Structure formats: structure tokens, C-alpha cells
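> Have a look at this one.
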Amino acid sequence: MWTIGFLIFLTLVIGLGAYFIFLWAVKSGQYDDIEGPKHRMLDDDD
Amino acid sequence: MLRCKHCLLPTYESEAIYDEQGNVFCCEGCRGVYNLIHQEGLERFYIDRKWEPQAGFKGTELFKGVDAREFEALVKADDKGLLGIELYIENIRCAACVWLNEKVLHRTKGIVSARVNYATHKAQIRWRPDEVGLQDILNKIVSIGYRPKPYSESEHLRQQKSETRDLLIRFGTAAFLSSQLMVYTIALYAGYFQDIDRDTKLILEVIALFLTAPVVFYSGAPFIKNTVIGLRHLHFTMDTLIAVGALSAFVFSIYQIIVGGKVYFDTAAMIVTLILLGRYIESSAKGKASEAIGLLGDLMPKEARLLQNGQETSVPVESLKIGQLIRVLPGERIPIDGQVVEGQTETDESLITGESRPVPKQINSPVIGGSINLQGSILIEVTKGPKETVLSGIIEAVREAQMRAPRIQGLSDRVVGVFVPLILLISAGTVVGHLIRGAALHEALMTGISVVVIACPCSLGLATPLAILIATTVTSSRGLLIKGGDVIERVSFIETVVFDKTGTLTRGMPQLKEVLVFASALKPEEALSIAASLERHSEHTIAKALVEAARGLNVYKTTDVEAMPGKGIRGLVEAKEVFLGNRSLMDEQGIMVSVDETVISDFQRAGNTVVFLGFDGAVKACFVVADMLREEARPVVERLKGQGLEVCLLSGDNMRTTEAIALEAGIHDFTAETTPRSKQEFIRTLQSKGQRVLMVGDGINDAPSLTEATVGVAMTRGTDIAMESADVVLMREDLWLIPLLLRLSKKTYTVIRQNIFMSFLYNISAVPLAMTGLLHPIIAAAAMAISSLCVVGNSLRIRRL
């Protein structure tokens, strides 16, 4: 029983972490340009 | 044929410009850009770029400068003393363009950061004001062949964006919680089959309860709010169905925890999540379309050059008063209605009145705000206040039409309007039935609620948005921008197609139609190349038509060229004095016109412009120039008629020109000399007869009728006002897009109907089970999953067109 409780707790904590990262990503505009980074990545001269 | 090294435009050998390495350029502008990119060591641009072979640039754009004053309102200062601006860069086509702009800006001294958004083509630039000025930055962008455009988001667009972002957060939250919820739900499902001990079951159920609550009450809050508002008027919408479904599943599950039954939290959460996904797709597609359209239009002038006490100052158009003097340079839009007091010119009024020919203006001629000054610099006296101009009258008519336009309900909303009360009745009947049978009150009540739970089809939320998303992806790749999902539904019912003439059925700019030669020794090509050599020095639309027609022909050396506004042009071609212009120029210069007058006047009456070429004391040739029908116009009209549609033509131009064009296009129902108001009236009359009308137009004069029509389609060459009032914008000037739009809409609408049918089918078929009180969570989940899969699969069929 204790193990299940612990695992449940763990999933919720990890999930919540992911959720906050998602919120941050939306608010800081990470979804505004989803095309550009893949090209910028290959630009190696600076 | 050669190709320009920079812009890839096909270039004739006679016009090509070469540099020391033997590279070919179409113009000095492109050579300059190429040199600059080389000097900066950024040649990689030419390797990385992915341009269509027919790329090219619009006209003489490369030479035109940009005025920093237009951008000043957008500059924002930050706390570190840096200035920043967000502007739109035109002509960006691929990742290499983004790279080039960023690199060049980065290397400019004083610029701290420059970042160009690949998807929206907007640049964010920050710089130190003491080291570099805004004008220098803009010039830098222009110098590499791109055009910065001032761009500030409209209030409407900003709202749209924040709504999309809000939906994304609500959807993200719901999706995250649903995925967590799924873990516990699967454990519970396993429990139904293999048994589970009571305590564990209770723990899992309570956790599920806490995970579902935010989905229903936070993510689903907009649905609940709209339901409360709607119920006050007994108005059932999609939101009602979602809110009632999710809430009843939630309440029913809490009851089940208490009595120790089976829970339906996953149903409640999935309904909200899937519907939010649909709404998010819809909203972001809509935002993208309206943003793209916002960038297309030619902006109406917002500032005017006011002449006061011998000084010119730039003032907002709204502040102009009657009697003030303003200066308008060639190529600019006239900002306000007025009267010419100094100078001579011709104006292009085609977008305001539909008149296809340039209108000559002398002193005392009235000019209309919004028309384009083609030739000379003029001084005009303001004769009407900014609120009483022709232009503002048209905008007013657009507003009125917008207010009157009924919100046409989408099909799914109409279905739901019937479905919700029906389900509520069935559920009430179930409660009564179970009470009569002698069940306990709470038991009967909960069986009734379970009917609502199972009847709520969550794939319904995807049925329309998904089909429309796929349809709009298909259309935008072909050059059609559709402003909203409801447009597709409306297009599929169209019965009449109304075309505007100038710029829609015709090209909207004059083209050479015929060359008449009166000297036996002169060949038509020879005459044309003499004329084009002269006209190369003019910006006039007719000059452009001749130059365009003479591409690839010999170019003579011309000197001493002088434009004569309202008359024509003169110059020395190979040291011989040549005149090119209208009849009065010939008479004035004493050039003998030994031409059959009836031929000329016949051409003129049919709406053509005749240009005379005279040298050695006599007229040697005439050029007949006219706004010609688009090549595809006739077959498109035939196709539309073949589909059983009525086709009409409306034009602001004179009767003769309109008739000639209408017959050429094969349209028998046409009306000439219309005003913006009478066009609108025409559409309204058709609609009052029960016709559903699709209007295609481009000008400001079409804007009210575009709004009034069931569906308005605007051409890209149009103005921002026309594009704002239209529902669909053609990104390419190709009339074939209209039959395509009709066909695709019909198909999409069929798919939407099938989707709605399927999403109801699975859920309704489970209703009898719920009525008997035998509902199982597995059945609810299965109905949901199967109907969603079917909807997705069916929608994908639209791509195969």
C-alpha cells in the first residue's frame, strides 16, 4: 500500500513539474515561432 | 532566356546588366543587393535559399526608400536606454532570407539584437539610439532587397491572440490532467474485470475526483459560463451540451463513489479536453488567416503633407480641415477629398469608382481620397472634412452591412439546438419511468443523469473544426485564405456569383491590345520598341503597358526625355525628336494626324485608350491600350454556369466598356455605372429574393457589397478595406480559385455532416442501455473513442481532392 501511495505521489509531483514547464513555455512565447529554430540550429557561424 | 542572379526573374538579353564576373542582373537594384551581400561575406544566402524559379520582385520596389517617420509610433524605449521596434518584413520567402536579415542587422553597429520570426515574418530589433538611427536600420533592410512595413496589431487581432493563448492554456491543463487521470482510470477498469479491494478503489476514485475537478471547473469554465447565460434565454448551444454532459458525468461519479458504483470521471475530462482541442485549432487557424490578411492590404494613408506658411509638415489625416493645402507626390495615395490648386496629373481611381482608365486632373479638378496620384506632384485644397469623404462614406456602408449581417449558425449548433432539449426530455422521462417502477428517488435521478452522460458526444467538438482545419490547410497551400469555419458552410450553398469588373474579371491595369501602323516602312515591332524606349522613363500605367509589351525587343538610346502630365512624353530617340501621347499633344506640336478618325473613335468608345506616336511631322503609329479580360475569365465563367450557378457582372465603369467585357467573358447579366451603394443594393435585392450570393471584388467600392453578400471574396491586389470586409482572400490573381473554393467547400460540408452524424450515432445507440440503468464506464469510453477515431479518419478524406 505504501509503495502505491509513494508512486502516486511521485507521478503527481513529476506531472505537476511538467505542467509548470508547459505554462512557462506558453507564457514566454515558445510556441510563437515553431518553424524558425530548426533552421537557426544549422546556422553555425556564431 | 537569362535569369537574374539575385531575384531569379527571367531577363531578356537586351535588358540584362552584367557585373565584372559576368553575372546577369535584371536591374541595377538587384546588382546593388548582390554586391552588398558579397561585401558582407554572406554569399551563403544564395546557396541556402529555396525560392521559386519565377521569384522576382514587384516593379521598382528595390529602388524605393522607406520613410522612418511612418515607423516612429512603433518605437518603444526600454529601461536600459535601448530602443526597440517590431516591424513586418516583406519579401521573406525562406529560411535563408531570415538568416540574411538577421546577419546583416547584427553586423550593423549599434544594433544590440535582431530576431526575425520565421512564421510571421516579423522582426524584433533593439538598438542603441546614440550609435544608429531608425532610418539607417530601415535603409539597411531595404538595401538587401527587403521592405520593412510598419505593422501594429489591430485591437481585433490582439483579442484573437489572447483568446488563442487562453485556449491553449486551458487545453494544456485539461490534457495534462486527463493524461494523469488515465493512469487511475485504467487501474479502475482493470478492477472492474479482475476485482479490486474496496480501499484501493476508493483511493483511486478520490484521486480521480481531484484530477477531474479542475478540468471541469477551470478548463471547462467558459462552457459553464456560456451555458448559464444561454439557459436564461432557453437557448441551447454546443456549450450547453458540453457543460451539461461534463457536469452530469462529474456529479454522477461523485454519487457513484458514495454508493460504491462505477465512476465516469474520464468521460467528463475527455469531453472537455477534446472540445477544447477543437476550439484551439479553430481559433489559431482563424488568427493566422486574419494576420495574413492584415499584412496584405495596401494601407490607406494615415498622414498627409500639410503645407502651412510655406512649410510642409506631416499631420494625421483626421486632423485636416476644409481649406487647408496638402501636397501629394507621384505614386502616393491621395489622403482626402479635395480640389487641385497647383500642378497637373492623372489619377488611378479604379479602386474607388471602378473606372478603368487613368483620370486626367488639372487645376480645379476634384480628386477623391484613396485614389493614386500617377504622374505629377500636385497641391490640393481640402474640400471635405475627414468624416465626409467618399472613402469614409464607403467605410460607413461597410459598418452598417456588418451590423445587419445575421450570425449564421453552424450546422453543429443547429443540430445541438434540437438535440439538447430532446436528451433532457428523454432523461426526465427515464427518471419518471424509474420512479413509477418503484425505484428510490436518488437512484432514478442518477439513472436520468447517466442518460445525459452517455448521450454527450465529445467527438462533436472535433467534427467541424477538424474538417475545417484540413480544408483551410488545403486552400491556403493553393492560395486561398478563408477567414473562418462558418464561411465554408456558407459557400457550399451559393447560388449566384457576382463579379466586379475592373481588377477582378480584368487585370486592373492596361495592356497593349493592338498596334496600328500608318507608315509602310515601319514595322509594328519597330514602332513599339521606339515607343517603349521612351516610356521606359515614365511611371505611368500606360507607359508600363507599352514597356511590358516590348520586353525582348530592341531598346533605343533615348536622351532628353520630358514627361508632359495629361498629354504624354517627348524625347530624343537615337537623336530624333519623338512625341508619344494623346491627340491634343499631337495637335499642339503640329503633328499631322492622317488617320481614319472613325477607327480611332470606335476604339475609344469601346473603352480603349489610344496613344499616338509621332515623329518627322506625322503620326506614324497608334497603340491601343485597354484593361483586358483575364485569360481564365471565360472558362471560369463557363465552369460556374456549368455547375448551375447564376453569374452577373457589376461595374462602376461606363456602359460600353462594361458591355464589351461582359460579352467577352460570356456574362449576359451585367449592370454598369454602379456606385458602392447601388452595388450593395443590388446584392441585397438578390438576397431578398432568397438567393445566396458570392461576390468577388477588389476595390474599396466593392467593400460594402463584399460585406453584404453571403460570402465576399477579395483579390490580393485590393485594398485593406476590401480585404477586411471579405470572408475569403485570393492570394494569387487566379480566378480558377473560385470554382476550387466552391468545390472544396461542398466537399468539406459533406464531411462535416457525416462527422456530426457519426459522432451522434455511437452515443445515441448507447442511450437505451443508460435508460435501463445498465450503463457501464467501458461502454461510455468505447463510444467516445470509436466516434472520435471515425471523425478524424473521415476528415482526412478532404485532403484527397
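Each chain in the C-alpha cells gets a letter, A, B, ..., in the order shown, and its residues are numbered from 1; ligands are numbered from 1 in order too.
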What lies within 9 Å of range 15-25 of chain A using only C-alpha atoms, ignoring chain neighbours under 5 positions off, as a compact mmCIF listing (two decimals) with C-alpha atoms, in the first residue's frame?

# COMPACT_ATOMS: atom_id res chain seq x y z
CA LEU A 10 5.72 10.73 -7.42
CA GLN A 30 7.94 29.42 -27.01
CA TYR A 31 5.02 28.49 -29.26
CA ILE B 169 -3.51 27.07 -21.50
CA GLY B 172 -2.95 22.15 -21.96
CA THR B 173 -4.22 21.97 -18.40
CA PHE B 176 -2.22 17.18 -18.71
CA LEU B 177 -4.81 16.30 -16.07
CA GLN B 180 -2.76 11.74 -15.31
> Counting only C-alpha atoms, a student should be able to say which residues of chain B come within 12 Å of chain A; what is the right answer, written as a ChimeraX atom specification?
/B:41-42,44-45,48-49,94-100,102-103,106-107,115-123,161-162,164-181,183-184,187,197,199-200,203-204,207-208,210-211,284,288
> What does the structure give for the distance between CA of Tyr146 in chain B and CA of Val104 in chain B, in Å to one decimal?
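Distance reported for this atom pair: 11.8 Å.
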> Rank nothing, just name the residue among B:Trp127, B:Thr353, B:Thr558, B:Ile271 nearest to Ser678 in chain B, using only C-alpha atoms.
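Looking only at the distances to Ser678 in chain B, the closest residue turns out to be B:Thr353.
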> So the first atom is CA of Gly417 in chain B and the second is CA of Thr237 in chain B; what is the distance between them in Å, to one decimal place?
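For CA of Gly417 in chain B relative to CA of Thr237 in chain B, the distance reads 5.7 Å.
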> Determine which residues of range 89-231 of chain B receive a DSSP assignment of alpha helix (DSSP H), computed from the backbone, and state them as a PyMOL selection string.
chain B and resi 95-107+134-143+155-194+198-214+221-231
> By how many Å are CA of Leu645 in chain B and CA of Thr496 in chain B apart?
5.4 Å
> Do you know which residues are at most 9 Å from range 450-452 of chain B counting only C-alpha atoms, after dropping those on the same chain fewer than 3 positions away, and could you put them as number ranges by chain?
B: 241, 244-245, 248-249, 252, 423-424, 426-427, 430, 445-447, 455-456, 766-771, 773, 775
> Now that the selection is made, can you save its residues with N, CA and C atoms as a PDB file, in the first residue's frame?

ATOM      1  N   LEU B 241     -24.418  21.660 -24.233  1.00  0.00           N
ATOM      2  CA  LEU B 241     -24.257  20.210 -24.287  1.00  0.00           C
ATOM      3  C   LEU B 241     -23.002  19.777 -23.522  1.00  0.00           C
ATOM      4  N   VAL B 244     -23.431  20.532 -19.678  1.00  0.00           N
ATOM      5  CA  VAL B 244     -24.386  19.605 -19.070  1.00  0.00           C
ATOM      6  C   VAL B 244     -23.785  18.197 -19.016  1.00  0.00           C
ATOM      7  N   GLY B 245     -23.163  17.792 -20.122  1.00  0.00           N
ATOM      8  CA  GLY B 245     -22.569  16.463 -20.176  1.00  0.00           C
ATOM      9  C   GLY B 245     -21.469  16.281 -19.143  1.00  0.00           C
ATOM     10  N   SER B 248     -22.813  16.568 -15.507  1.00  0.00           N
ATOM     11  CA  SER B 248     -23.604  15.421 -15.050  1.00  0.00           C
ATOM     12  C   SER B 248     -22.708  14.201 -14.840  1.00  0.00           C
ATOM     13  N   ALA B 249     -21.710  14.028 -15.706  1.00  0.00           N
ATOM     14  CA  ALA B 249     -20.783  12.914 -15.507  1.00  0.00           C
ATOM     15  C   ALA B 249     -20.037  13.074 -14.184  1.00  0.00           C
ATOM     16  N   PHE B 252     -22.583  12.554 -11.284  1.00  0.00           N
ATOM     17  CA  PHE B 252     -22.951  11.145 -11.265  1.00  0.00           C
ATOM     18  C   PHE B 252     -21.840  10.299 -10.642  1.00  0.00           C
ATOM     19  N   ILE B 423     -32.621  15.334 -25.432  1.00  0.00           N
ATOM     20  CA  ILE B 423     -31.940  14.473 -24.469  1.00  0.00           C
ATOM     21  C   ILE B 423     -32.430  14.770 -23.046  1.00  0.00           C
ATOM     22  N   LEU B 424     -32.623  16.063 -22.753  1.00  0.00           N
ATOM     23  CA  LEU B 424     -33.095  16.417 -21.413  1.00  0.00           C
ATOM     24  C   LEU B 424     -34.480  15.810 -21.182  1.00  0.00           C
ATOM     25  N   ILE B 426     -35.703  13.038 -22.685  1.00  0.00           N
ATOM     26  CA  ILE B 426     -35.542  11.587 -22.521  1.00  0.00           C
ATOM     27  C   ILE B 426     -35.070  11.270 -21.110  1.00  0.00           C
ATOM     28  N   SER B 427     -34.122  12.104 -20.642  1.00  0.00           N
ATOM     29  CA  SER B 427     -33.571  11.854 -19.307  1.00  0.00           C
ATOM     30  C   SER B 427     -34.649  12.061 -18.237  1.00  0.00           C
ATOM     31  N   THR B 430     -36.848   9.112 -18.287  1.00  0.00           N
ATOM     32  CA  THR B 430     -36.218   7.974 -17.624  1.00  0.00           C
ATOM     33  C   THR B 430     -36.420   8.061 -16.115  1.00  0.00           C
ATOM     34  N   LEU B 445     -33.011   9.408 -10.210  1.00  0.00           N
ATOM     35  CA  LEU B 445     -32.385  10.665 -10.623  1.00  0.00           C
ATOM     36  C   LEU B 445     -31.043  10.381 -11.295  1.00  0.00           C
ATOM     37  N   MET B 446     -30.276   9.497 -10.686  1.00  0.00           N
ATOM     38  CA  MET B 446     -28.940   9.218 -11.199  1.00  0.00           C
ATOM     39  C   MET B 446     -28.996   8.443 -12.514  1.00  0.00           C
ATOM     40  N   THR B 447     -30.007   7.597 -12.696  1.00  0.00           N
ATOM     41  CA  THR B 447     -30.160   6.911 -13.988  1.00  0.00           C
ATOM     42  C   THR B 447     -30.449   7.955 -15.072  1.00  0.00           C
ATOM     43  N   ALA B 455     -25.117  10.336 -23.706  1.00  0.00           N
ATOM     44  CA  ALA B 455     -25.568  10.972 -24.955  1.00  0.00           C
ATOM     45  C   ALA B 455     -24.642  12.079 -25.417  1.00  0.00           C
ATOM     46  N   CYS B 456     -23.814  12.590 -24.534  1.00  0.00           N
ATOM     47  CA  CYS B 456     -22.974  13.732 -24.886  1.00  0.00           C
ATOM     48  C   CYS B 456     -21.803  13.284 -25.751  1.00  0.00           C
ATOM     49  N   ALA B 766     -26.098   4.071 -27.456  1.00  0.00           N
ATOM     50  CA  ALA B 766     -25.901   3.571 -26.096  1.00  0.00           C
ATOM     51  C   ALA B 766     -26.962   4.095 -25.127  1.00  0.00           C
ATOM     52  N   VAL B 767     -27.782   5.061 -25.595  1.00  0.00           N
ATOM     53  CA  VAL B 767     -28.772   5.660 -24.695  1.00  0.00           C
ATOM     54  C   VAL B 767     -29.750   4.632 -24.092  1.00  0.00           C
ATOM     55  N   PRO B 768     -30.285   3.721 -24.906  1.00  0.00           N
ATOM     56  CA  PRO B 768     -31.216   2.743 -24.312  1.00  0.00           C
ATOM     57  C   PRO B 768     -30.607   1.986 -23.136  1.00  0.00           C
ATOM     58  N   LEU B 769     -29.300   1.672 -23.238  1.00  0.00           N
ATOM     59  CA  LEU B 769     -28.627   0.985 -22.130  1.00  0.00           C
ATOM     60  C   LEU B 769     -28.675   1.831 -20.869  1.00  0.00           C
ATOM     61  N   ALA B 770     -28.388   3.141 -21.069  1.00  0.00           N
ATOM     62  CA  ALA B 770     -28.384   4.041 -19.914  1.00  0.00           C
ATOM     63  C   ALA B 770     -29.784   4.136 -19.319  1.00  0.00           C
ATOM     64  N   MET B 771     -30.812   4.127 -20.196  1.00  0.00           N
ATOM     65  CA  MET B 771     -32.180   4.275 -19.709  1.00  0.00           C
ATOM     66  C   MET B 771     -32.588   3.112 -18.817  1.00  0.00           C
ATOM     67  N   GLY B 773     -30.608   1.652 -16.926  1.00  0.00           N
ATOM     68  CA  GLY B 773     -29.778   1.694 -15.724  1.00  0.00           C
ATOM     69  C   GLY B 773     -28.623   0.709 -15.785  1.00  0.00           C
ATOM     70  N   LEU B 775     -25.814   1.111 -17.680  1.00  0.00           N
ATOM     71  CA  LEU B 775     -24.642   1.743 -18.288  1.00  0.00           C
ATOM     72  C   LEU B 775     -23.363   1.330 -17.570  1.00  0.00           C
TER      73      LEU B 775
END
> Using only C-alpha atoms, which protein or nucleic acid residues come within 9 Å of Ser14 in chain B? Drop anything in the same chain fewer than 6 positions from it, and give the result as a PyMOL selection string.
chain B and resi 551-555
> At a cut-off of 6 Å, using only C-alpha atoms, what residues contact Thr506 in chain B? Leave out same-chain residues fewer than 6 positions from it and give the result as a ChimeraX atom specification.
/B:628-630
